[in-house]
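Undergrad: Supplied structure: protein.cif, mmCIF, C-alpha atoms.
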data_structure
#
loop_
_atom_site.label_atom_id
_atom_site.label_comp_id
_atom_site.auth_asym_id
_atom_site.auth_seq_id
_atom_site.Cartn_x
_atom_site.Cartn_y
_atom_site.Cartn_z
CA MET L 1 0.00 0.00 0.00
CA SER L 2 1.31 3.45 -0.82
CA LEU L 3 0.20 6.98 -0.21
CA GLU L 4 0.33 9.75 -2.81
CA MET L 5 1.44 13.13 -1.47
CA LYS L 6 2.23 16.52 -2.88
CA LYS L 7 5.95 17.24 -2.76
CA GLU L 8 5.35 20.26 -0.51
CA HIS L 9 3.37 18.15 1.96
CA LEU L 10 6.18 15.61 2.12
CA ILE L 11 8.69 18.38 2.85
CA ASP L 12 6.37 19.75 5.55
CA TYR L 13 6.01 16.25 6.96
CA GLY L 14 9.80 15.90 7.15
CA LEU L 15 10.07 19.25 8.93
CA THR L 16 7.33 18.19 11.35
CA VAL L 17 9.20 14.97 12.17
CA PHE L 18 12.40 16.97 12.79
CA GLU L 19 10.45 19.26 15.13
CA GLU L 20 8.65 16.44 16.96
CA ILE L 21 11.80 14.43 17.68
CA GLY L 22 14.01 17.45 18.41
CA ALA L 23 16.35 16.88 15.45
CA ASN L 24 16.14 20.58 14.60
CA ASP L 25 17.94 21.31 17.89
CA ILE L 26 20.96 19.48 16.46
CA CYS L 27 20.81 21.62 13.30
CA SER L 28 20.74 24.72 15.48
CA VAL L 29 24.03 23.77 17.15
CA CYS L 30 25.71 23.43 13.75
CA ILE L 31 24.26 26.64 12.39
CA LYS L 32 25.21 28.65 15.49
CA SER L 33 28.74 27.27 15.41
CA GLY L 34 29.13 28.40 11.80
CA ASN L 35 28.94 24.90 10.36
CA SER L 36 26.27 23.51 8.16
CA CYS L 37 25.86 20.55 5.87
CA CYS L 38 24.33 23.02 3.46
CA GLN L 39 27.35 25.30 3.06
CA GLY L 40 27.29 26.88 -0.36
CA CYS L 41 23.53 26.56 -0.82
CA GLU L 42 21.91 29.75 -2.07
CA PHE L 43 19.09 29.38 0.47
CA LEU L 44 21.35 29.19 3.53
CA LYS L 45 21.57 32.32 5.66
CA ASP L 46 24.64 32.53 7.88
CA LYS L 47 23.80 31.86 11.54
CA GLU L 48 20.07 31.50 10.61
CA GLY L 49 19.90 28.32 8.58
CA CYS L 50 17.82 27.19 5.65
CA GLN L 51 15.36 29.57 4.09
CA LYS L 52 13.85 27.14 1.57
CA ARG L 53 13.84 23.37 2.07
CA ASN L 54 13.35 20.86 -0.72
CA THR L 55 13.07 17.08 -0.83
CA SER L 56 16.82 16.61 -1.03
CA CYS L 57 17.28 18.73 2.10
CA MET L 58 14.83 16.58 4.00
CA ALA L 59 15.88 13.19 2.66
CA TRP L 60 19.61 13.58 3.21
CA LEU L 61 20.89 13.38 6.79
CA CYS L 62 24.28 14.64 7.87
CA GLY L 63 26.49 12.41 10.00
CA LEU L 64 25.29 14.07 13.22
CA GLN L 65 21.66 13.45 12.33
CA LYS L 66 22.43 9.90 11.24
CA LEU L 67 23.99 9.27 14.65
CA TYR L 68 20.90 10.67 16.38
CA PHE L 69 18.38 8.89 14.14
CA ASN L 70 20.30 5.66 14.64
CA GLU L 71 20.33 6.07 18.44
CA ILE L 72 16.57 6.60 18.56
CA GLY L 73 15.92 3.70 16.19
CA LEU L 74 14.60 5.80 13.31
CA LEU L 75 17.44 5.78 10.77
CA ASP L 76 16.32 2.77 8.75
CA GLU L 77 12.70 3.95 8.62
CA TRP L 78 13.78 7.47 7.60
CA GLU L 79 15.94 6.16 4.80
CA LYS L 80 13.15 3.85 3.60
CA LEU L 81 10.68 6.75 3.60
CA TRP L 82 12.85 8.73 1.20
CA ALA L 83 14.37 5.85 -0.78
CA LYS L 84 11.83 5.91 -3.61
CA ILE L 85 11.50 9.69 -3.88
CA PRO L 86 12.75 10.67 -7.33
CA GLY L 87 14.98 13.70 -7.82
CA LYS L 88 16.70 13.38 -4.48
CA LEU L 89 19.93 15.18 -5.35
CA HIS L 90 21.99 17.08 -2.79
CA ARG L 91 20.97 20.74 -3.08
CA GLY L 92 18.96 19.99 -6.18
CA ASP L 93 15.36 19.02 -6.48
CA VAL L 94 13.72 17.65 -9.58
CA THR L 95 11.05 15.81 -7.61
CA PRO L 96 7.66 15.79 -9.33
CA ASP L 97 4.73 17.59 -7.70
CA LEU L 98 3.16 14.27 -6.64
CA VAL L 99 5.15 11.43 -5.07
CA LYS L 100 4.30 8.00 -3.68
CA VAL L 101 5.29 7.22 -0.12
CA VAL L 102 5.19 3.64 1.10
CA LYS L 103 4.76 4.35 4.82
CA LEU L 104 4.87 7.37 7.14
CA LEU L 105 6.92 7.16 10.32
CA ASN L 106 5.72 6.47 13.82
CA VAL L 107 7.53 9.02 15.99
CA LYS L 108 5.04 9.49 18.83
CA HIS L 109 7.23 7.38 21.14
CA ILE L 110 10.24 9.63 20.61
CA GLY L 111 10.38 12.64 22.88
CA LYS L 112 11.55 16.01 21.65
CA ASN L 113 13.90 16.07 24.64
CA SER L 114 16.00 13.30 23.06
CA GLY L 115 17.12 15.68 20.32
CA LYS L 116 17.80 18.42 22.85
CA LEU L 117 20.02 16.08 24.86
CA MET L 118 21.99 15.09 21.75
CA ALA L 119 22.25 18.76 20.74
CA ASP L 120 23.59 19.58 24.21
CA LYS L 121 26.30 16.92 23.78
CA PHE L 122 27.35 18.47 20.48
CA LYS L 123 27.28 21.96 22.00
CA THR L 124 29.52 20.81 24.86
CA PHE L 125 31.84 19.19 22.31
CA VAL L 126 32.15 22.52 20.43
CA GLU L 127 32.60 24.52 23.65
CA GLY L 128 35.42 22.16 24.59
CA GLY L 129 37.22 22.97 21.35
CA GLY L 130 35.87 20.12 19.25
CA ASP L 131 35.50 20.54 15.50
CA LEU L 132 31.87 19.77 14.66
CA GLU L 133 32.53 19.77 10.92
CA LYS L 134 35.24 17.12 11.28
CA LEU L 135 33.03 15.05 13.55
CA GLU L 136 30.16 15.27 11.07
CA ARG L 137 32.35 14.19 8.16
CA ARG L 138 33.74 11.28 10.17
CA LEU L 139 30.28 10.10 11.21
CA GLN L 140 28.98 10.45 7.64
CA HIS L 141 31.94 8.42 6.39
CA ASP L 142 31.38 5.74 9.03
CA PHE L 143 27.68 5.36 8.17
CA VAL L 144 28.42 5.17 4.44
CA MET L 145 31.18 2.60 4.97
CA GLU L 146 28.91 0.57 7.22
CA LYS L 147 26.37 0.27 4.38
CA LEU L 148 29.05 -0.94 1.97
#
Could you render the structure from this file as structure tokens?
TA:
Amino acid sequence: MSLEMKKEHLIDYGLTVFEEIGANDICSVCIKSGNSCCQGCEFLKDKEGCQKRNTSCMAWLCGLQKLYFNEIGLLDEWEKLWAKIPGKLHRGDVTPDLVKVVKLLNVKHIGKNSGKLMADKFKTFVEGGGDLEKLERRLQHDFVMEKL
């Protein structure tokens, strides 16, 4: 069984999930520290973050988010949700107006505080002199290598 959704509704759904599970708190730490997985994107405002999300922005998770989604048991489901979405290119979006989604996520059991706690760990890491960009790249590499 699949569900047909407008592309904009799918993006909004992704943003809602990020809000509900506190993943946006992790993004805030990166943005405030001057890092962002979206560096170079025309819609990124320094120290403010994304001004216009698309399906590629929602589907792709940085290494920090992958670590968090993995810890809360949502990484596989998230990747399955976006796996069949066409046009999922980093910083590019050629997704049609209507897309088919196999299954929406169940996130009611995940508290928003979980994301805040992870964000606090990353904030402490930065305050202690840690390089969040290097950590993100390392985590991203590890998750990619794990899949291979």
Undergrad: Go ahead and compute the interatomic distance for CA of Phe122 (chain L) and CA of Cys30 (chain L), in Å to one decimal.
TA: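 Going from CA of Phe122 (chain L) over to CA of Cys30 (chain L) covers 8.5 Å.
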Undergrad: Find, counting all atoms listed in the file, the residue in L:Asp25, L:Asp97, L:Glu79, L:Glu4 that gets nearest to Lys121 (chain L).
TA: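 Answer, going by the shortest atom-to-atom distance: L:Asp25.
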Undergrad: CA of Phe69 (chain L) and CA of Asn35 (chain L) are how many Å apart?
TA: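 Spanning CA of Phe69 (chain L) to CA of Asn35 (chain L) is a straight-line distance of 19.5 Å.
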Undergrad: Tell me which protein, DNA and RNA residues are within 12 Å of Glu48 (chain L), counting all atoms listed in the file, leaving out same-chain ones fewer than 6 positions away, and put them as a list of chain:residue names.
TA: L:Cys27, L:Ser28, L:Val29, L:Cys30, L:Ile31, L:Lys32, L:Ser33, L:Gly34, L:Asn35, L:Ser36, L:Cys38
Undergrad: Run the PyMOL selection byres ((chain L and resi 82) around 9) mentally over the shown coordinates, then write out the matched residues as a PyMOL selection string, using the chain letters and numbers from the document.
TA: chain L and resi 55+58-60+77-81+83-86+88+101
Undergrad: Choose the residue, out of L:Lys123, L:Lys6, L:His109, L:Lys147, that has the smallest atom-to-atom separation from Gly73 (chain L); count only C-alpha atoms.
TA: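 Ranked by minimum distance to Gly73 (chain L), first place goes to L:His109.
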Undergrad: Could you work out how far CA of Ile26 (chain L) lies from CA of Gly115 (chain L), giving the answer in Å with one decimal?
TA: 6.6 Å
Undergrad: Would you kindly return, as a ChimeraX atom specification, each protein, DNA or RNA residue with an atom no farther than 7 Å from any atom of Lys100 (chain L), considering all atoms listed in the file and excluding same-chain residues fewer than 6 positions away?
TA: /L:2-5
Undergrad: Identify which of the residues L:Cys41, L:Val126, L:Leu104, L:Met118 lies closest to Ile72 (chain L), counting all atoms listed in the file when measuring atom-to-atom distances.
TA: L:Met118
Undergrad: Between L:Cys62, L:Ile110, L:Leu117, L:Cys50, which is the closest to Val144 (chain L) once you count all atoms listed in the file?
TA: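 Of the candidates, the smallest distance to Val144 (chain L) is held by L:Cys62.
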Undergrad: Take the PyMOL selection byres ((chain L and resi 8) around 10), run it mentally on this structure, and tell me the resulting residues as an NGL selection string.
TA: :L and (5-7 or 9-14 or 53-55 or 97-99)
Undergrad: Calculated over only C-alpha atoms, which of the candidates L:Leu148, L:Leu132, L:Ala119, L:Leu74 has the smallest distance to Leu105 (chain L)?
TA: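 The closest residue to Leu105 (chain L) is L:Leu74.
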Undergrad: Any chance you could build region 37-62 of chain L out to N, CA, C and O atoms and write it as a tab-separated table (two decimals), keeping the file's coordinate frame?
TA:
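Output file out-v5.tsv follows:
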chain	number	residue	atom	x	y	z
L	37	CYS	N	25.73	21.50	6.97
L	37	CYS	CA	25.86	20.55	5.87
L	37	CYS	C	25.45	21.21	4.55
L	37	CYS	O	25.73	20.68	3.48
L	38	CYS	N	24.85	22.34	4.64
L	38	CYS	CA	24.33	23.02	3.46
L	38	CYS	C	25.23	24.17	2.98
L	38	CYS	O	24.80	25.01	2.20
L	39	GLN	N	26.46	24.21	3.46
L	39	GLN	CA	27.35	25.30	3.06
L	39	GLN	C	27.39	25.41	1.55
L	39	GLN	O	27.50	24.42	0.85
L	40	GLY	N	27.27	26.63	1.07
L	40	GLY	CA	27.29	26.88	-0.36
L	40	GLY	C	25.91	26.94	-0.99
L	40	GLY	O	25.76	27.37	-2.13
L	41	CYS	N	24.89	26.52	-0.28
L	41	CYS	CA	23.53	26.56	-0.82
L	41	CYS	C	23.04	28.01	-0.85
L	41	CYS	O	23.24	28.76	0.11
L	42	GLU	N	22.40	28.37	-1.93
L	42	GLU	CA	21.91	29.75	-2.07
L	42	GLU	C	20.82	30.11	-1.06
L	42	GLU	O	20.58	31.29	-0.81
L	43	PHE	N	20.18	29.11	-0.46
L	43	PHE	CA	19.09	29.38	0.47
L	43	PHE	C	19.53	29.35	1.94
L	43	PHE	O	18.71	29.45	2.84
L	44	LEU	N	20.83	29.22	2.18
L	44	LEU	CA	21.35	29.19	3.53
L	44	LEU	C	21.75	30.59	3.97
L	44	LEU	O	22.54	31.25	3.31
L	45	LYS	N	21.19	31.04	5.08
L	45	LYS	CA	21.57	32.32	5.66
L	45	LYS	C	22.49	32.05	6.84
L	45	LYS	O	22.16	31.25	7.72
L	46	ASP	N	23.65	32.72	6.83
L	46	ASP	CA	24.64	32.53	7.88
L	46	ASP	C	24.02	32.75	9.25
L	46	ASP	O	23.33	33.74	9.48
L	47	LYS	N	24.26	31.84	10.15
L	47	LYS	CA	23.80	31.86	11.54
L	47	LYS	C	22.27	31.80	11.68
L	47	LYS	O	21.74	31.93	12.76
L	48	GLU	N	21.54	31.61	10.55
L	48	GLU	CA	20.07	31.50	10.61
L	48	GLU	C	19.59	30.16	10.09
L	48	GLU	O	18.56	29.66	10.50
L	49	GLY	N	20.30	29.62	9.13
L	49	GLY	CA	19.90	28.32	8.58
L	49	GLY	C	19.15	28.42	7.27
L	49	GLY	O	19.16	29.45	6.60
L	50	CYS	N	18.48	27.33	6.94
L	50	CYS	CA	17.82	27.19	5.65
L	50	CYS	C	16.61	28.11	5.53
L	50	CYS	O	15.83	28.25	6.46
L	51	GLN	N	16.49	28.71	4.37
L	51	GLN	CA	15.36	29.57	4.09
L	51	GLN	C	14.36	28.94	3.13
L	51	GLN	O	13.27	29.45	2.93
L	52	LYS	N	14.75	27.80	2.51
L	52	LYS	CA	13.85	27.14	1.57
L	52	LYS	C	14.25	25.68	1.43
L	52	LYS	O	15.17	25.33	0.71
L	53	ARG	N	13.54	24.80	2.12
L	53	ARG	CA	13.84	23.37	2.07
L	53	ARG	C	13.27	22.74	0.81
L	53	ARG	O	12.27	23.19	0.27
L	54	ASN	N	13.90	21.66	0.38
L	54	ASN	CA	13.35	20.86	-0.72
L	54	ASN	C	13.46	19.39	-0.32
L	54	ASN	O	13.90	19.07	0.77
L	55	THR	N	13.06	18.50	-1.21
L	55	THR	CA	13.07	17.08	-0.83
L	55	THR	C	14.49	16.58	-0.56
L	55	THR	O	14.69	15.74	0.31
L	56	SER	N	15.46	17.09	-1.29
L	56	SER	CA	16.82	16.61	-1.03
L	56	SER	C	17.30	17.06	0.34
L	56	SER	O	18.01	16.33	1.02
L	57	CYS	N	16.90	18.25	0.77
L	57	CYS	CA	17.28	18.73	2.10
L	57	CYS	C	16.70	17.84	3.19
L	57	CYS	O	17.35	17.57	4.20
L	58	MET	N	15.47	17.39	2.99
L	58	MET	CA	14.83	16.58	4.00
L	58	MET	C	15.32	15.13	3.96
L	58	MET	O	15.48	14.51	5.00
L	59	ALA	N	15.53	14.60	2.79
L	59	ALA	CA	15.88	13.19	2.66
L	59	ALA	C	17.29	12.90	3.16
L	59	ALA	O	17.53	11.87	3.78
L	60	TRP	N	18.21	13.80	2.88
L	60	TRP	CA	19.61	13.58	3.21
L	60	TRP	C	19.86	13.95	4.66
L	60	TRP	O	19.48	15.03	5.11
L	61	LEU	N	20.52	13.09	5.40
L	61	LEU	CA	20.89	13.38	6.79
L	61	LEU	C	22.40	13.50	6.89
L	61	LEU	O	23.13	12.68	6.33
L	62	CYS	N	22.85	14.51	7.61
L	62	CYS	CA	24.28	14.64	7.87
L	62	CYS	C	24.70	13.56	8.84
L	62	CYS	O	23.87	12.84	9.41
